[in-house]
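Trainee: structure.txt is reproduced below (compact mmCIF, N, CA and C atoms).
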# COMPACT_ATOMS: atom_id res chain seq x y z
N VAL A 1 -20.01 172.78 61.20
CA VAL A 1 -19.02 173.83 61.06
C VAL A 1 -18.55 173.88 59.61
N GLN A 2 -18.35 175.08 59.12
CA GLN A 2 -17.82 175.26 57.77
C GLN A 2 -16.41 175.82 57.87
N LEU A 3 -15.54 175.34 56.99
CA LEU A 3 -14.13 175.69 57.06
C LEU A 3 -13.68 176.33 55.76
N GLN A 4 -12.85 177.36 55.88
CA GLN A 4 -12.33 178.06 54.71
C GLN A 4 -10.83 178.22 54.87
N ALA A 5 -10.08 177.50 54.05
CA ALA A 5 -8.63 177.57 54.11
C ALA A 5 -8.10 178.64 53.16
N SER A 6 -7.00 179.24 53.56
CA SER A 6 -6.37 180.26 52.73
C SER A 6 -4.89 180.34 53.06
N GLY A 7 -4.16 181.10 52.24
CA GLY A 7 -2.76 181.34 52.53
C GLY A 7 -1.78 180.58 51.65
N GLY A 8 -2.28 179.73 50.78
CA GLY A 8 -1.39 179.01 49.90
C GLY A 8 -0.79 179.93 48.85
N GLY A 9 0.16 179.40 48.12
CA GLY A 9 0.79 180.19 47.07
C GLY A 9 2.06 179.53 46.58
N LEU A 10 2.83 180.29 45.84
CA LEU A 10 4.10 179.83 45.28
C LEU A 10 5.23 180.35 46.17
N VAL A 11 6.12 179.47 46.55
CA VAL A 11 7.25 179.85 47.40
C VAL A 11 8.48 179.08 46.94
N GLN A 12 9.63 179.68 47.09
CA GLN A 12 10.86 179.01 46.74
C GLN A 12 11.27 178.01 47.82
N PRO A 13 12.02 176.99 47.45
CA PRO A 13 12.52 176.06 48.47
C PRO A 13 13.25 176.82 49.57
N GLY A 14 12.99 176.42 50.80
CA GLY A 14 13.56 177.11 51.94
C GLY A 14 12.70 178.24 52.47
N GLY A 15 11.67 178.58 51.73
CA GLY A 15 10.80 179.68 52.13
C GLY A 15 9.74 179.26 53.13
N SER A 16 8.87 180.21 53.44
CA SER A 16 7.83 179.99 54.45
C SER A 16 6.46 180.43 53.93
N LEU A 17 5.45 179.79 54.46
CA LEU A 17 4.07 180.18 54.22
C LEU A 17 3.29 179.95 55.51
N ARG A 18 2.24 180.72 55.67
CA ARG A 18 1.35 180.52 56.80
C ARG A 18 -0.06 180.29 56.28
N LEU A 19 -0.57 179.11 56.52
CA LEU A 19 -1.94 178.80 56.12
C LEU A 19 -2.89 179.12 57.26
N SER A 20 -4.08 179.54 56.89
CA SER A 20 -5.13 179.82 57.86
C SER A 20 -6.37 179.03 57.49
N CYS A 21 -7.13 178.70 58.49
CA CYS A 21 -8.40 178.02 58.27
C CYS A 21 -9.42 178.66 59.20
N ALA A 22 -10.34 179.39 58.60
CA ALA A 22 -11.36 180.09 59.37
C ALA A 22 -12.63 179.24 59.44
N ALA A 23 -13.16 179.12 60.62
CA ALA A 23 -14.37 178.32 60.82
C ALA A 23 -15.57 179.21 61.05
N SER A 24 -16.69 178.77 60.59
CA SER A 24 -17.94 179.47 60.89
C SER A 24 -18.86 178.50 61.60
N GLY A 25 -19.71 179.03 62.44
CA GLY A 25 -20.58 178.18 63.22
C GLY A 25 -20.18 178.21 64.67
N PRO A 26 -21.06 177.71 65.52
CA PRO A 26 -20.80 177.79 66.96
C PRO A 26 -19.82 176.73 67.45
N SER A 27 -19.32 176.96 68.64
CA SER A 27 -18.57 175.94 69.39
C SER A 27 -17.29 175.48 68.71
N PHE A 28 -16.59 176.40 68.09
CA PHE A 28 -15.32 176.03 67.45
C PHE A 28 -14.38 175.37 68.44
N SER A 29 -14.38 175.82 69.66
CA SER A 29 -13.44 175.29 70.66
C SER A 29 -13.73 173.84 71.02
N ARG A 30 -14.83 173.31 70.60
CA ARG A 30 -15.16 171.91 70.88
C ARG A 30 -14.61 170.96 69.83
N TYR A 31 -13.98 171.51 68.81
CA TYR A 31 -13.46 170.67 67.74
C TYR A 31 -11.95 170.55 67.81
N ALA A 32 -11.46 169.33 67.63
CA ALA A 32 -10.05 169.17 67.33
C ALA A 32 -9.88 169.50 65.85
N MET A 33 -8.72 170.01 65.50
CA MET A 33 -8.50 170.46 64.13
C MET A 33 -7.27 169.78 63.54
N GLY A 34 -7.29 169.64 62.24
CA GLY A 34 -6.17 169.00 61.58
C GLY A 34 -5.90 169.61 60.22
N TRP A 35 -4.69 169.40 59.76
CA TRP A 35 -4.28 169.77 58.41
C TRP A 35 -3.84 168.50 57.68
N PHE A 36 -4.29 168.37 56.46
CA PHE A 36 -3.91 167.28 55.58
C PHE A 36 -3.42 167.88 54.27
N ARG A 37 -2.77 167.07 53.47
CA ARG A 37 -2.35 167.53 52.15
C ARG A 37 -2.46 166.38 51.15
N GLN A 38 -2.62 166.79 49.91
CA GLN A 38 -2.75 165.80 48.85
C GLN A 38 -2.01 166.29 47.61
N ALA A 39 -1.00 165.54 47.23
CA ALA A 39 -0.25 165.84 46.02
C ALA A 39 -0.87 165.07 44.86
N PRO A 40 -0.65 165.51 43.63
CA PRO A 40 -1.23 164.83 42.46
C PRO A 40 -0.85 163.35 42.44
N GLY A 41 -1.85 162.51 42.26
CA GLY A 41 -1.61 161.08 42.16
C GLY A 41 -1.35 160.38 43.47
N LYS A 42 -1.46 161.12 44.57
CA LYS A 42 -1.21 160.52 45.88
C LYS A 42 -2.45 160.62 46.76
N GLU A 43 -2.47 159.82 47.79
CA GLU A 43 -3.56 159.87 48.74
C GLU A 43 -3.40 161.07 49.67
N ARG A 44 -4.51 161.48 50.21
CA ARG A 44 -4.48 162.57 51.18
C ARG A 44 -3.77 162.08 52.44
N GLU A 45 -2.85 162.89 52.93
CA GLU A 45 -2.06 162.46 54.08
C GLU A 45 -2.12 163.48 55.21
N PHE A 46 -2.00 162.96 56.40
CA PHE A 46 -2.01 163.78 57.60
C PHE A 46 -0.75 164.62 57.68
N VAL A 47 -0.92 165.88 58.07
CA VAL A 47 0.22 166.78 58.26
C VAL A 47 0.38 167.13 59.74
N SER A 48 -0.70 167.62 60.33
CA SER A 48 -0.63 168.04 61.72
C SER A 48 -2.03 168.14 62.31
N GLY A 49 -2.10 167.99 63.64
CA GLY A 49 -3.37 168.13 64.33
C GLY A 49 -3.18 168.83 65.65
N ILE A 50 -4.26 169.42 66.14
CA ILE A 50 -4.22 170.13 67.40
C ILE A 50 -5.50 169.85 68.16
N GLY A 51 -5.34 169.67 69.46
CA GLY A 51 -6.49 169.40 70.30
C GLY A 51 -7.34 170.64 70.54
N ARG A 52 -8.39 170.46 71.30
CA ARG A 52 -9.32 171.55 71.54
C ARG A 52 -8.69 172.74 72.23
N SER A 53 -7.76 172.48 73.10
CA SER A 53 -7.23 173.56 73.93
C SER A 53 -5.82 173.97 73.55
N SER A 54 -5.32 173.48 72.47
CA SER A 54 -3.95 173.79 71.99
C SER A 54 -2.86 173.12 72.80
N SER A 55 -3.21 172.42 73.85
CA SER A 55 -2.17 171.80 74.67
C SER A 55 -1.58 170.56 74.02
N SER A 56 -2.29 170.01 73.07
CA SER A 56 -1.81 168.81 72.39
C SER A 56 -1.67 169.07 70.90
N THR A 57 -0.53 168.70 70.37
CA THR A 57 -0.30 168.80 68.93
C THR A 57 0.40 167.54 68.46
N VAL A 58 0.18 167.22 67.21
CA VAL A 58 0.81 166.05 66.59
C VAL A 58 1.27 166.46 65.20
N TYR A 59 2.42 165.93 64.79
CA TYR A 59 2.96 166.24 63.47
C TYR A 59 3.37 164.95 62.75
N ALA A 60 3.21 164.98 61.47
CA ALA A 60 3.78 163.91 60.66
C ALA A 60 5.30 164.02 60.73
N ALA A 61 5.97 162.89 60.65
CA ALA A 61 7.42 162.88 60.75
C ALA A 61 8.07 163.76 59.68
N SER A 62 7.44 163.82 58.53
CA SER A 62 8.02 164.56 57.40
C SER A 62 8.02 166.07 57.60
N VAL A 63 7.21 166.57 58.53
CA VAL A 63 7.14 168.02 58.73
C VAL A 63 7.55 168.45 60.13
N LYS A 64 7.78 167.51 61.00
CA LYS A 64 8.12 167.84 62.39
C LYS A 64 9.40 168.67 62.44
N GLY A 65 9.33 169.75 63.20
CA GLY A 65 10.47 170.64 63.30
C GLY A 65 10.46 171.76 62.28
N ARG A 66 9.60 171.65 61.28
CA ARG A 66 9.51 172.70 60.25
C ARG A 66 8.15 173.38 60.26
N PHE A 67 7.13 172.63 60.60
CA PHE A 67 5.76 173.16 60.60
C PHE A 67 5.29 173.32 62.05
N THR A 68 4.44 174.33 62.26
CA THR A 68 3.85 174.55 63.57
C THR A 68 2.36 174.82 63.41
N ILE A 69 1.56 174.05 64.13
CA ILE A 69 0.12 174.26 64.12
C ILE A 69 -0.27 175.04 65.36
N SER A 70 -1.26 175.90 65.21
CA SER A 70 -1.76 176.67 66.35
C SER A 70 -3.22 177.01 66.08
N ARG A 71 -3.90 177.47 67.12
CA ARG A 71 -5.29 177.85 66.95
C ARG A 71 -5.61 179.04 67.84
N ASP A 72 -6.58 179.80 67.38
CA ASP A 72 -7.10 180.92 68.14
C ASP A 72 -8.60 180.70 68.25
N ASN A 73 -9.03 180.20 69.38
CA ASN A 73 -10.44 179.86 69.53
C ASN A 73 -11.34 181.10 69.49
N ALA A 74 -10.83 182.21 69.97
CA ALA A 74 -11.63 183.44 69.94
C ALA A 74 -11.91 183.89 68.51
N LYS A 75 -10.95 183.65 67.63
CA LYS A 75 -11.10 184.03 66.23
C LYS A 75 -11.57 182.87 65.36
N LYS A 76 -11.78 181.72 65.99
CA LYS A 76 -12.24 180.52 65.27
C LYS A 76 -11.34 180.20 64.07
N THR A 77 -10.07 180.21 64.33
CA THR A 77 -9.10 180.02 63.25
C THR A 77 -8.00 179.08 63.69
N VAL A 78 -7.57 178.23 62.78
CA VAL A 78 -6.40 177.38 63.00
C VAL A 78 -5.36 177.74 61.95
N PHE A 79 -4.10 177.68 62.37
CA PHE A 79 -3.00 178.11 61.50
C PHE A 79 -2.02 176.97 61.30
N LEU A 80 -1.32 177.04 60.18
CA LEU A 80 -0.20 176.13 59.95
C LEU A 80 0.95 176.97 59.42
N GLN A 81 1.94 177.18 60.28
CA GLN A 81 3.15 177.89 59.88
C GLN A 81 4.10 176.89 59.28
N MET A 82 4.47 177.12 58.05
CA MET A 82 5.34 176.19 57.33
C MET A 82 6.66 176.88 57.00
N ASN A 83 7.73 176.38 57.56
CA ASN A 83 9.06 176.92 57.33
C ASN A 83 9.93 175.90 56.61
N SER A 84 11.02 176.37 56.06
CA SER A 84 11.98 175.49 55.38
C SER A 84 11.28 174.58 54.39
N LEU A 85 10.44 175.16 53.58
CA LEU A 85 9.64 174.36 52.65
C LEU A 85 10.51 173.67 51.62
N LYS A 86 10.07 172.47 51.28
CA LYS A 86 10.77 171.64 50.31
C LYS A 86 9.86 171.37 49.11
N PRO A 87 10.40 171.04 47.98
CA PRO A 87 9.54 170.73 46.83
C PRO A 87 8.53 169.62 47.13
N GLU A 88 8.92 168.68 47.98
CA GLU A 88 8.00 167.59 48.30
C GLU A 88 6.85 168.02 49.21
N ASP A 89 6.88 169.25 49.71
CA ASP A 89 5.76 169.77 50.48
C ASP A 89 4.64 170.30 49.58
N ALA A 90 4.91 170.41 48.32
CA ALA A 90 3.92 170.94 47.39
C ALA A 90 2.70 170.03 47.34
N ALA A 91 1.53 170.61 47.50
CA ALA A 91 0.29 169.84 47.53
C ALA A 91 -0.87 170.80 47.72
N VAL A 92 -2.06 170.26 47.64
CA VAL A 92 -3.23 170.99 48.09
C VAL A 92 -3.39 170.68 49.57
N TYR A 93 -3.48 171.71 50.37
CA TYR A 93 -3.61 171.55 51.81
C TYR A 93 -5.06 171.76 52.24
N TYR A 94 -5.54 170.85 53.07
CA TYR A 94 -6.91 170.89 53.55
C TYR A 94 -6.94 170.99 55.07
N CYS A 95 -7.85 171.79 55.57
CA CYS A 95 -8.08 171.77 57.01
C CYS A 95 -9.33 170.94 57.29
N ALA A 96 -9.37 170.39 58.49
CA ALA A 96 -10.46 169.50 58.86
C ALA A 96 -10.79 169.67 60.33
N ALA A 97 -12.03 169.38 60.67
CA ALA A 97 -12.49 169.48 62.06
C ALA A 97 -13.05 168.16 62.51
N ARG A 98 -12.79 167.88 63.74
CA ARG A 98 -13.28 166.64 64.34
C ARG A 98 -14.13 166.97 65.55
N GLY A 99 -15.40 166.65 65.47
CA GLY A 99 -16.32 166.92 66.55
C GLY A 99 -16.43 165.73 67.49
N GLY A 100 -17.14 165.93 68.58
CA GLY A 100 -17.39 164.85 69.51
C GLY A 100 -16.17 164.42 70.29
N VAL A 101 -15.25 165.35 70.52
CA VAL A 101 -14.04 165.00 71.26
C VAL A 101 -14.04 165.72 72.60
N ILE A 102 -13.38 165.11 73.55
CA ILE A 102 -13.18 165.76 74.85
C ILE A 102 -11.76 166.29 74.90
N LEU A 103 -11.46 167.02 75.96
CA LEU A 103 -10.15 167.68 76.03
C LEU A 103 -9.00 166.69 75.98
N THR A 104 -9.22 165.49 76.48
CA THR A 104 -8.13 164.51 76.54
C THR A 104 -8.17 163.50 75.40
N SER A 105 -9.03 163.72 74.44
CA SER A 105 -9.09 162.78 73.32
C SER A 105 -7.78 162.81 72.54
N PRO A 106 -7.32 161.68 72.08
CA PRO A 106 -6.13 161.68 71.22
C PRO A 106 -6.44 162.38 69.90
N ILE A 107 -5.44 162.99 69.34
CA ILE A 107 -5.63 163.71 68.09
C ILE A 107 -5.66 162.73 66.93
N GLY A 108 -6.67 162.81 66.13
CA GLY A 108 -6.79 161.91 64.99
C GLY A 108 -5.75 162.20 63.93
N THR A 109 -5.29 161.14 63.28
CA THR A 109 -4.27 161.29 62.25
C THR A 109 -4.69 160.68 60.92
N THR A 110 -5.94 160.28 60.82
CA THR A 110 -6.42 159.76 59.55
C THR A 110 -7.62 160.58 59.08
N THR A 111 -7.90 160.48 57.81
CA THR A 111 -9.03 161.23 57.26
C THR A 111 -10.34 160.77 57.88
N HIS A 112 -10.40 159.52 58.31
CA HIS A 112 -11.64 159.00 58.90
C HIS A 112 -11.93 159.60 60.26
N ASP A 113 -10.96 160.20 60.88
CA ASP A 113 -11.14 160.79 62.20
C ASP A 113 -11.86 162.13 62.15
N TYR A 114 -11.98 162.72 60.98
CA TYR A 114 -12.49 164.09 60.86
C TYR A 114 -13.83 164.12 60.16
N ASN A 115 -14.71 164.97 60.68
CA ASN A 115 -16.08 165.03 60.20
C ASN A 115 -16.30 166.11 59.15
N TYR A 116 -15.53 167.18 59.23
CA TYR A 116 -15.76 168.34 58.38
C TYR A 116 -14.47 168.72 57.67
N TRP A 117 -14.65 169.15 56.43
CA TRP A 117 -13.49 169.49 55.60
C TRP A 117 -13.71 170.82 54.91
N GLY A 118 -12.63 171.56 54.80
CA GLY A 118 -12.67 172.78 54.02
C GLY A 118 -12.21 172.50 52.60
N GLN A 119 -12.33 173.51 51.76
CA GLN A 119 -11.77 173.38 50.43
C GLN A 119 -10.25 173.52 50.56
N GLY A 120 -9.53 173.08 49.62
CA GLY A 120 -8.08 173.11 49.74
C GLY A 120 -7.48 174.43 49.32
N THR A 121 -6.23 174.62 49.71
CA THR A 121 -5.44 175.76 49.26
C THR A 121 -4.13 175.20 48.71
N GLN A 122 -3.77 175.67 47.53
CA GLN A 122 -2.62 175.11 46.83
C GLN A 122 -1.32 175.70 47.35
N VAL A 123 -0.38 174.82 47.62
CA VAL A 123 0.98 175.23 47.99
C VAL A 123 1.93 174.69 46.93
N THR A 124 2.67 175.57 46.32
CA THR A 124 3.64 175.20 45.29
C THR A 124 5.02 175.63 45.76
N VAL A 125 5.95 174.69 45.76
CA VAL A 125 7.32 174.99 46.19
C VAL A 125 8.24 174.74 45.00
N SER A 126 8.73 175.82 44.46
CA SER A 126 9.53 175.70 43.24
C SER A 126 10.41 176.93 43.08
N SER A 127 11.57 176.71 42.50
CA SER A 127 12.45 177.83 42.21
C SER A 127 12.22 178.34 40.79
Written as structure tokens, how would this file's structure read?

Mentor:
Amino acid sequence: VQLQASGGGLVQPGGSLRLSCAASGPSFSRYAMGWFRQAPGKEREFVSGIGRSSSSTVYAASVKGRFTISRDNAKKTVFLQMNSLKPEDAAVYYCAARGGVILTSPIGTTTHDYNYWGQGTQVTVSS
């Protein structure tokens, strides 16, 4: 599967952005999906993940209550709605896919859990 992230940009603190990740290739619904981010000089960190059927979601503590992950299997797209953005949310955001999972598989929260990665989209939070 190939992944293409988009939707990043410059936003003021307290603002919102919606990231999208479009997948190409068959069987998108068989992949669990995740969002990660990487700020300059820092390691890539888990932001959020969603299971194959959208019934399961996981969030990093730092974004819980502000970010919402969702997916549209018919459109082969996963979204990350980001509200109440803070300067510390600024980073390059990456989407990732994890194959070989069943509906009840736990959602991976590390980079090693994911097989496929898209290019990043830059999110800048600044006044």

Trainee: In Å to one decimal, how far is atom C of Ala61 of chain A from atom CA of Thr77 of chain A?

Mentor: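 The value is 23.9 Å.
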
Trainee: Mind giving me the straight-line distance from atom CA of Ala22 of chain A to atom CA of Lys42 of chain A in Å, one decimal?

Mentor: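 These atoms are spaced 25.8 Å apart.
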
Trainee: Calculate how many Å separate atom C of Gly14 of chain A from atom N of Glu88 of chain A, rounding to one decimal.

Mentor: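 Atom N of Glu88 of chain A lies at a distance of 11.2 Å from atom C of Gly14 of chain A.
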
Trainee: Please report, as a PyMOL selection string, each residue of segment 32-89 of chain A to which DSSP assigns strand (DSSP E or B) when run on this structure's backbone.

Mentor: chain A and resi 32-38+45-50+57-59+64+67-72+77-82

Trainee: Would you pick out the contacts of Ile50 of chain A at 5 Å or less, using only N, CA and C atoms, so that residues sharing its chain but fewer than 4 positions from it are not included, and give the list as a list in words?

Mentor: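 Contacts, in chain order: Ala32, Met33, Gly34, Ser56 and Thr57 of chain A.
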
Trainee: Taking only N, CA and C atoms into account, name the residue in A:Gln2, A:Ser126, A:Asn73, A:Thr111 that is nearest to Lys86 of chain A.

Mentor: A:Ser126

Trainee: Residues around (-1.7, 176.5, 62.0), cut-off 10 Å, counting only C-alpha atoms - what are they as a PyMOL selection string?

Mentor: chain A and resi 18-21+33-35+48-50+67-72+77-82+95

Trainee: Closest to Thr104 of chain A among A:Gln122, A:Ser54, A:Ser62, A:Gln38, using only C-alpha atoms?

Mentor: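 Of A:Gln122, A:Ser54, A:Ser62, A:Gln38, the one nearest Thr104 of chain A is A:Ser54, counting only C-alpha atoms.
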
Trainee: Closest to Gly51 of chain A among A:Pro106, A:Ser27, A:Gly99, A:Ser127, using only C-alpha atoms?

Mentor: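 Nearest candidate to Gly51 of chain A out of A:Pro106, A:Ser27, A:Gly99, A:Ser127: A:Pro106.
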
Trainee: Could you give me the centre and size, in Å to one decimal, of an axis-aligned box around all listed atoms of segment 85-103 of chain A with 6 Å added on every side, as JSON?

Mentor:
{"center_x": -3.3, "center_y": 169.8, "center_z": 61.4, "size_x": 40.2, "size_y": 22.7, "size_z": 41.2}

Trainee: Between A:Gly7, A:Arg30, A:Ser16, A:Val1, which one has atoms that come closest to Val101 of chain A, using all atoms listed in the file?

Mentor: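 Between A:Gly7, A:Arg30, A:Ser16, A:Val1, the residue approaching Val101 of chain A most closely is A:Arg30.
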
Trainee: Using all atoms listed in the file, find the one residue out of A:Ile102, A:Ala90, A:Leu85, A:Val123 that sits nearest to Gln12 of chain A.

Mentor: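 Looking at the shortest contact to Gln12 of chain A, the residue is A:Leu85.
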
Trainee: What's the 8 Å shell around Ser29 of chain A, counting only C-alpha atoms, without same-chain residues fewer than 4 positions away, as a list in words?

Mentor: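 That gives Arg52, Ser53, Asn73 and Lys76 of chain A.
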
Trainee: Because some atoms of segment 60-79 of chain A are absent here, can you restore N, CA, C and O atoms and send them as an mmCIF file, in the frame of the given file?

Mentor:
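Saved result, rebuild16.cif, follows:
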data_model
loop_
_atom_site.group_PDB
_atom_site.id
_atom_site.type_symbol
_atom_site.label_atom_id
_atom_site.label_comp_id
_atom_site.auth_asym_id
_atom_site.auth_seq_id
_atom_site.Cartn_x
_atom_site.Cartn_y
_atom_site.Cartn_z
ATOM 1 N N ALA A 60 3.210 164.980 61.470
ATOM 2 C CA ALA A 60 3.780 163.910 60.660
ATOM 3 C C ALA A 60 5.300 164.020 60.730
ATOM 4 O O ALA A 60 5.858 165.125 60.845
ATOM 5 N N ALA A 61 5.970 162.890 60.650
ATOM 6 C CA ALA A 61 7.420 162.880 60.750
ATOM 7 C C ALA A 61 8.070 163.760 59.680
ATOM 8 O O ALA A 61 9.107 164.387 59.904
ATOM 9 N N SER A 62 7.440 163.820 58.530
ATOM 10 C CA SER A 62 8.020 164.560 57.400
ATOM 11 C C SER A 62 8.020 166.070 57.600
ATOM 12 O O SER A 62 8.756 166.787 56.908
ATOM 13 N N VAL A 63 7.210 166.570 58.530
ATOM 14 C CA VAL A 63 7.140 168.020 58.730
ATOM 15 C C VAL A 63 7.550 168.450 60.130
ATOM 16 O O VAL A 63 7.661 169.652 60.405
ATOM 17 N N LYS A 64 7.780 167.510 61.000
ATOM 18 C CA LYS A 64 8.120 167.840 62.390
ATOM 19 C C LYS A 64 9.400 168.670 62.440
ATOM 20 O O LYS A 64 10.382 168.358 61.774
ATOM 21 N N GLY A 65 9.330 169.750 63.200
ATOM 22 C CA GLY A 65 10.470 170.640 63.300
ATOM 23 C C GLY A 65 10.460 171.760 62.280
ATOM 24 O O GLY A 65 11.206 172.740 62.416
ATOM 25 N N ARG A 66 9.600 171.650 61.280
ATOM 26 C CA ARG A 66 9.510 172.700 60.250
ATOM 27 C C ARG A 66 8.150 173.380 60.260
ATOM 28 O O ARG A 66 8.051 174.564 59.955
ATOM 29 N N PHE A 67 7.130 172.630 60.600
ATOM 30 C CA PHE A 67 5.760 173.160 60.600
ATOM 31 C C PHE A 67 5.290 173.320 62.050
ATOM 32 O O PHE A 67 5.661 172.545 62.931
ATOM 33 N N THR A 68 4.440 174.330 62.260
ATOM 34 C CA THR A 68 3.850 174.550 63.570
ATOM 35 C C THR A 68 2.360 174.820 63.410
ATOM 36 O O THR A 68 1.959 175.715 62.661
ATOM 37 N N ILE A 69 1.560 174.050 64.130
ATOM 38 C CA ILE A 69 0.120 174.260 64.120
ATOM 39 C C ILE A 69 -0.270 175.040 65.360
ATOM 40 O O ILE A 69 0.314 174.864 66.437
ATOM 41 N N SER A 70 -1.260 175.900 65.210
ATOM 42 C CA SER A 70 -1.760 176.670 66.350
ATOM 43 C C SER A 70 -3.220 177.010 66.080
ATOM 44 O O SER A 70 -3.708 176.847 64.965
ATOM 45 N N ARG A 71 -3.900 177.470 67.120
ATOM 46 C CA ARG A 71 -5.290 177.850 66.950
ATOM 47 C C ARG A 71 -5.610 179.040 67.840
ATOM 48 O O ARG A 71 -4.992 179.243 68.888
ATOM 49 N N ASP A 72 -6.580 179.800 67.380
ATOM 50 C CA ASP A 72 -7.100 180.920 68.140
ATOM 51 C C ASP A 72 -8.600 180.700 68.250
ATOM 52 O O ASP A 72 -9.343 180.967 67.305
ATOM 53 N N ASN A 73 -9.030 180.200 69.380
ATOM 54 C CA ASN A 73 -10.440 179.860 69.530
ATOM 55 C C ASN A 73 -11.340 181.100 69.490
ATOM 56 O O ASN A 73 -12.482 181.030 69.034
ATOM 57 N N ALA A 74 -10.830 182.210 69.970
ATOM 58 C CA ALA A 74 -11.630 183.440 69.940
ATOM 59 C C ALA A 74 -11.910 183.890 68.510
ATOM 60 O O ALA A 74 -12.976 184.420 68.207
ATOM 61 N N LYS A 75 -10.950 183.650 67.630
ATOM 62 C CA LYS A 75 -11.100 184.030 66.230
ATOM 63 C C LYS A 75 -11.570 182.870 65.360
ATOM 64 O O LYS A 75 -11.701 183.005 64.151
ATOM 65 N N LYS A 76 -11.780 181.720 65.990
ATOM 66 C CA LYS A 76 -12.240 180.520 65.270
ATOM 67 C C LYS A 76 -11.340 180.200 64.070
ATOM 68 O O LYS A 76 -11.805 179.941 62.961
ATOM 69 N N THR A 77 -10.070 180.210 64.330
ATOM 70 C CA THR A 77 -9.100 180.020 63.250
ATOM 71 C C THR A 77 -8.000 179.080 63.690
ATOM 72 O O THR A 77 -7.531 179.141 64.833
ATOM 73 N N VAL A 78 -7.570 178.230 62.780
ATOM 74 C CA VAL A 78 -6.400 177.380 63.000
ATOM 75 C C VAL A 78 -5.360 177.740 61.950
ATOM 76 O O VAL A 78 -5.706 178.084 60.819
ATOM 77 N N PHE A 79 -4.100 177.680 62.370
ATOM 78 C CA PHE A 79 -3.000 178.110 61.500
ATOM 79 C C PHE A 79 -2.020 176.970 61.300
ATOM 80 O O PHE A 79 -1.884 176.074 62.133
#
